[in-house]
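The structure under discussion appears below in the form of structure tokens.
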Amino acid sequence: MLETTTTEKIIKPARNLTGTLRLPGDKSISHRYALLGGLAEGNTTIANFSTGADPASSLGCVAALGAKVDWLEDDRVVITGTAGKFTPSASPLDCGNSGSTMRMMAGLLAPQSGEFTLIGDASLTRRPMERIRKPLAQMGANITLTEGHAPVIVSGAALHGIDYTTPVPSAQVKTALLFAGLQAEGTTTIRESVRTRDHGELALRAFGAQLTRTVDSVSITGKQQLKGIDATVPGDMSSAAFFLCAAALFPESNLVLDGLGLNPTRATLLDVLTALGATVAVLNLEEKHGELVGTVQLNPPPGGMGGTTVSGALAAQLIDELPVLAAIAPYTRNGIRIRDAKELRVKESDRIALVVKNLRAMGAEVEEFEDGLDVPGGQQLHGAQIDSGGDHRIAMAFSVAALRAEGETAILGAESAGISFPEFFELLDTVAER
Ligand code: S3P
């Protein structure tokens, strides 16, 4: 059964990817600036805010809770914060397709007064929420789920700090606990075995909070007030991944991405592309509110990509890039092996199952494992009908695979790209030479 098949997009093969792009703002950072801007005192002005539907859900939630959200003519968004006090809304808070919104909002709201209900679409309602309920309950929160899922009903309560080790590496869970800890009594410490993306920590600091960190933990003391900021969101590395991987498919490509977020907890893909044989140059590095930003130039390996294994900590750090890495794997010489990525099964879709299904539809040989997949190299794919499952990253990953296939590929449910990257197809047409 196909879930969302309203728009079909035809992708034709390309000869290379050439040009310079500046991508819309990072989805993860946009969520955090939107949520903290809503909680802070004063105005937060954000340039290059993500154009995806997911961060718009975060803006919609803070607006429903009493923050004011205005768009300026130059596309900056101004949030007038609630100075630490959200007002319960009459209707449920709609998180749409966004797990980040739902999980981080739960942490933000648990210490507030009143009752709040968080709802989402069918895909979000299938995703696990116990991972935030459990530690927040240890802090004293009252959160009710339905069999571990949304709706998430939060009855605000006074919270106290805890010392918590995340069982599954998750930046969403870490951030939810930091947002709750910010408003709790005492100190909250989160320990993680793999260092997940640290945009939550950096955003909290940018808004004036103090945090301390060690190699494997981060701590926040409660009862701190935030102050609005003026910020520009760096380009989204997880969106860039589709273009970087596509460029790497063709020896003649030359792709430059300006103003790209290069936070080390997000830039692991550049190491993988280098390991596959590409030449990746990083230029014009700058720091903005703790986030690294720069220009990336990718030149593909003249003799084609080699092969690699992604497992352990790497799998957690590359979690959003794994679908596109799997989609280009058949075109490598030695294939790509992915393990320790069971989390992919509880994303917007079961991404392991959908990657396997769609690679096979394109004629690829692939072996599925509970926590990953093996894609042998040296394979030529053919155009096919792709089931995106309503999942943005599946729709875009297979648009990339389609660029080197024989014949045309139809992406069903192509509109799902709009969850993170509405401009994807248009920008692909500007850099794909056919
Ligand atoms: C995100 C963290 C990741 C990632 C998601 C965004 C974030 O999820 O897959 O797209 O902004 O913190 P988990 O934290 O659940 O691994």
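Residue names in the structure tokens use chain letters A, B, ... in the order shown, residue numbers from 1 in each chain, and ligand numbers from 1 in the order shown.
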
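Around ligand 1, using only C-alpha atoms and all ligand atoms and a cut-off of 6 Å, the residues in contact are Ser28, Ser100, Ser170, Ala171, Gln172, Ile319 and Asp320 of chain A.
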
Please tabulate, as CSV, the residues of segment 113-174 of chain A that come within 9 Å of segment 219-229 of chain A, each with its closest pair of atoms and the distance in Å to one decimal, counting only C-alpha atoms and ordering rows by chain, then residue number upward.
```
residue,atom,partner,partner_atom,distance
A:His160,CA,A:Gly222,CA,8.3
A:Gly161,CA,A:Gly222,CA,7.5
A:Asp163,CA,A:Ser219,CA,8.7
```

* **Selection: 8 Å around segment 375-391 of chain A, only C-alpha atoms, excl. self and same-chain fewer than 2 positions, as JSON, numbers by chain** => {"A": [2, 3, 4, 5, 307, 326, 329, 330, 331, 332, 333, 334, 335, 336, 337, 348, 349, 354, 358, 361, 362, 363, 364, 365, 366, 367, 373, 393, 394, 395, 398, 402, 404, 405, 406, 407, 408, 409, 410, 411, 412, 413, 414, 416, 417]}

Write out the residues from the selection above, keeping C-alpha atoms, as a compact mmCIF listing (two decimals), in the first residue's frame.
```
# COMPACT_ATOMS: atom_id res chain seq x y z
CA LEU A 2 1.32 3.42 -0.91
CA GLU A 3 0.56 5.97 1.75
CA THR A 4 0.97 9.34 0.05
CA THR A 5 0.95 9.29 -3.71
CA GLY A 307 33.20 1.25 -1.02
CA ALA A 326 22.36 3.28 0.37
CA ALA A 329 25.81 2.29 -3.13
CA PRO A 330 25.06 0.13 -6.21
CA TYR A 331 27.10 2.58 -8.31
CA THR A 332 30.22 2.22 -6.14
CA ARG A 333 32.86 -0.37 -7.02
CA ASN A 334 32.83 -2.28 -3.74
CA GLY A 335 29.41 -1.55 -2.26
CA ILE A 336 28.28 -0.05 1.03
CA ARG A 337 27.51 -1.99 4.19
CA GLU A 348 9.18 8.91 9.30
CA SER A 349 8.91 5.44 7.72
CA LEU A 354 11.66 1.16 1.99
CA ASN A 358 12.96 0.63 -3.86
CA ALA A 361 12.37 -2.09 -7.81
CA MET A 362 15.29 -0.47 -9.67
CA GLY A 363 16.85 -3.90 -10.26
CA ALA A 364 19.51 -3.82 -7.53
CA GLU A 365 20.70 -6.73 -5.49
CA VAL A 366 20.52 -5.90 -1.74
CA GLU A 367 20.50 -7.88 1.49
CA LEU A 373 21.67 -3.54 4.77
CA ARG A 393 14.30 11.43 2.67
CA ILE A 394 13.21 8.34 0.70
CA ALA A 395 11.72 10.53 -2.08
CA PHE A 398 15.78 7.73 -4.90
CA ALA A 402 17.52 7.81 -10.60
CA ARG A 404 22.44 7.33 -12.95
CA ALA A 405 19.79 4.73 -13.80
CA GLU A 406 18.86 3.61 -17.31
CA GLY A 407 15.56 5.21 -18.28
CA GLU A 408 13.18 7.38 -16.29
CA THR A 409 12.16 6.96 -12.66
CA ALA A 410 8.81 8.02 -11.20
CA ILE A 411 8.91 9.19 -7.57
CA LEU A 412 5.47 8.63 -6.03
CA GLY A 413 4.61 10.96 -3.17
CA ALA A 414 7.30 13.41 -4.32
CA SER A 416 6.91 14.71 0.83
CA ALA A 417 10.28 16.39 0.03
```

* Asked: Per DSSP on the backbone, what are the strand (DSSP E or B) residues of segment 22-208 of chain A, as a count of residues only?
  -> 45

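As for atom CA of Ile79 of chain A and atom CA of Pro422 of chain A, they are spaced 22.5 Å apart.
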
* Asked: So how far away is atom CA of Leu39 of chain A from atom CA of Lys85 of chain A, in Å?
  -> 6.9 Å

* **Residue list (alpha helix (DSSP H), DSSP) for segment 134-353 of chain A, as a VMD selection string** => chain A and resid 134 to 138 171 to 181 199 to 206 237 to 248 268 to 275 313 to 317 322 to 328 351 to 353

* **Proximity to Phe250 of chain A - best of A:Glu201, A:Glu433, A:Asp230, A:Glu8, only C-alpha atoms** => A:Glu433

* A:Ala157, A:Ile352, A:Leu244, A:Leu318 ranked by distance to Pro169 of chain A, top pick (using only C-alpha atoms) ->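 Closest residue, counting only C-alpha atoms: A:Leu318.
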
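Proximity of A:Ile29, A:Ile119, A:Ala327, A:Ala353 to His289 of chain A, computed with only C-alpha atoms, is greatest for A:Ile29.
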
* May I ask which of the residues A:Thr212, A:Thr82, A:Asn48, A:Thr196 is the closest one to Asn263 of chain A, counting only C-alpha atoms? =>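 For Asn263 of chain A, the nearest of the candidates is A:Thr196.
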
* Structure fact -> Closest of A:Ser91, A:Asn254, A:Thr189, A:Thr45 to Asp70 of chain A, counting only C-alpha atoms, is A:Thr45

* Asked: Quick one, how far is atom CA of Glu130 of chain A from atom CA of Tyr164 of chain A?
  ->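 Separating atom CA of Glu130 of chain A from atom CA of Tyr164 of chain A is a distance of 14.6 Å.
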